[in-house]
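Contents: one structure, followed by commentary.
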Amino acid sequence: MARWKEILHIAWPLIIANSFWNLQLTIDRVFLGTYSTEALGAAMAVMGVFWVPMALLQQTASYVTTFVAQYFGAQEKSKIGSCVWQALYVSVLGGFAFLGLNLWSTQFFDMVGHARNIQTLEVSYFNALAFSALPTALIAAISGFFIGLGNSKIVMRINFVGLVLNVFLDYLLIFGNFGFPGLGIEGAGYATALSAYGGSIYGLYLLLNAKHEKQFNILSQWQFSPVLVKRFLKYGIPSGLQWAFEGMAFTVFLIIMGRLQNGEAALASSSIAVTVMMLSVLPSMGVAQAVMTLVGQRLGEGKPSQAEQATWDGVKISSIYMGLVAMTFIFLPEFYLSWFQNKENVALWAEVSAIVPTLLTIVGMFTILDSIYLNISFALKGAGDTRFVSLIALTVPWPLLVLPAFLVRDFPNAVTLAWSFAVVYVLSITIILVRRFKNGKWKGMSVVSTGS
């Protein structure tokens, strides 16, 4: 129980922080679902597209967690400040580069081939949402510093600021309240961007102070270091690619859903399923982030057996939690459906409400397996085994998730059949990573060069 207590001490603020972040996305969907069922479907399709490059940037920036954790465990605290600054520089440069994607958004969504009214919504939302990339990456880098130290409560505070700002700005900019223009789905994108800037400014305020300068040289080691950036990107980019590759595959999966014979209903149903899934699984990610921190710190201390034990403890905690939540998906689907109910298009909503309960049952099975996968993959990344994790994320989803969805697209109940393959995919990738973890190669890895 003492080991579980150590994990939960780091994890519970991250669970709440991740819940804040996902609650922010859920509230976006609820507001947009109230505004328009079509806007809800378009928003989910855009988030899939947006997440691919955003995951690469955000997860690369957040990989500073492992550097901080390993230096902290090795008692090389004076080197932490420089690592954090390189992550901040990567965040800023990547955020500006992200805006260049707006130049091709119209052509891209035209190629996707959704209905013309959906395309217009998709382009507007993506172009507005792109402005959130830079501050979101900054938050990831700042949070990575605090998580690596095990000080996860500050991450919770940063995410809470973003949540509050986003809800308020959604209310103003989607519906046009208090004299603001009613921008609909575009307003949801700008609300996300502005709230991320608020969170990043608050995070920088907490990061850049005399206390952290004394302990970690956080103010004085601001210089750009090509050598350190190269080492940071060597491990950080594969970590980001894991999420980008998986996001890309899932984006294509959602695009296929939108092009089924009942495309609008399939896309809206899948949007609801994904939103609920993300809300449920992100607490498991909080546990996985705690595992990543402990693996990094224990390897820095030269205690790989304790790193291994922390990982299996994280798997047990997440599996118990996720099993309980999955039961609510199976027995209480109407509860989740009620969040998104829209009476403007009665026929479309009737079709959606008939599909979603089955999808939620599938999601329940998916998330139990995914909770295991998260802990193992984060543990491997906490050691520095990022290339293998990204390689698996590149190769496994396409033959086991995307291709089957494409092949069954003309079948009766195609949306249900396609989602069933998601379970096959997550089972397969979990087995592969568990075997990788058990072979123990990661125990001899390190992302830092201590003593130099």
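Chains: A, B, ... in order of the structure tokens. Residues: from 1 per chain. Ligands: from 1, in order shown.
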
Non-local contacts of A:Ile201 (9 Å; only C-alpha atoms; under 5 positions in same chain excluded) as a PDB file with N, CA and C atoms, in the first residue's frame:
```pdb
ATOM      1  N   PRO A 135       0.566  28.265 -27.026  1.00  0.00           N
ATOM      2  CA  PRO A 135       0.414  28.254 -25.566  1.00  0.00           C
ATOM      3  C   PRO A 135       0.192  26.857 -24.998  1.00  0.00           C
ATOM      4  N   ILE A 139       2.463  25.209 -22.016  1.00  0.00           N
ATOM      5  CA  ILE A 139       1.900  24.583 -20.816  1.00  0.00           C
ATOM      6  C   ILE A 139       2.460  23.179 -20.635  1.00  0.00           C
ATOM      7  N   ALA A 196      -5.846  28.976 -23.348  1.00  0.00           N
ATOM      8  CA  ALA A 196      -4.502  28.394 -23.281  1.00  0.00           C
ATOM      9  C   ALA A 196      -3.456  29.472 -23.028  1.00  0.00           C
ATOM     10  N   LEU A 206       4.569  30.892 -12.345  1.00  0.00           N
ATOM     11  CA  LEU A 206       4.924  29.922 -11.304  1.00  0.00           C
ATOM     12  C   LEU A 206       6.311  29.325 -11.512  1.00  0.00           C
TER      13      LEU A 206
END
```

10 Å contact set for A:Val402, only C-alpha atoms, chain neighbours under 2 positions out, as a PyMOL selection string:
chain A and resi 249-254+256+396-400+404-407+418-419+421-422+425

Please provide the set of residues having any atom within 12 Å of A:Gly33, restricted to only C-alpha atoms, with same-chain residues fewer than 5 positions apart removed, written as a ChimeraX atom specification.
/A:26-28,38-44,174,184-185,188,268-269,271-272,275,337-345,349

Give the answer as one residue: which of A:Pro53, A:Gly300, A:Gly382, A:Gly440 has the shortest atom-to-atom distance to A:Ala74, using only C-alpha atoms?
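With only C-alpha atoms as the atom set, the closest residue is A:Gly300.
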
Atom CA of A:Gly384 and atom CA of A:Thr136, how far apart in Å?
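Taking atom CA of A:Thr136 as the start and atom CA of A:Gly384 as the end point, the length is 23.3 Å.
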
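Comparing A:Val389, A:Val281, A:Met365, A:Ile255 by their smallest distance to A:Val415, the closest is A:Ile255 (using only C-alpha atoms).
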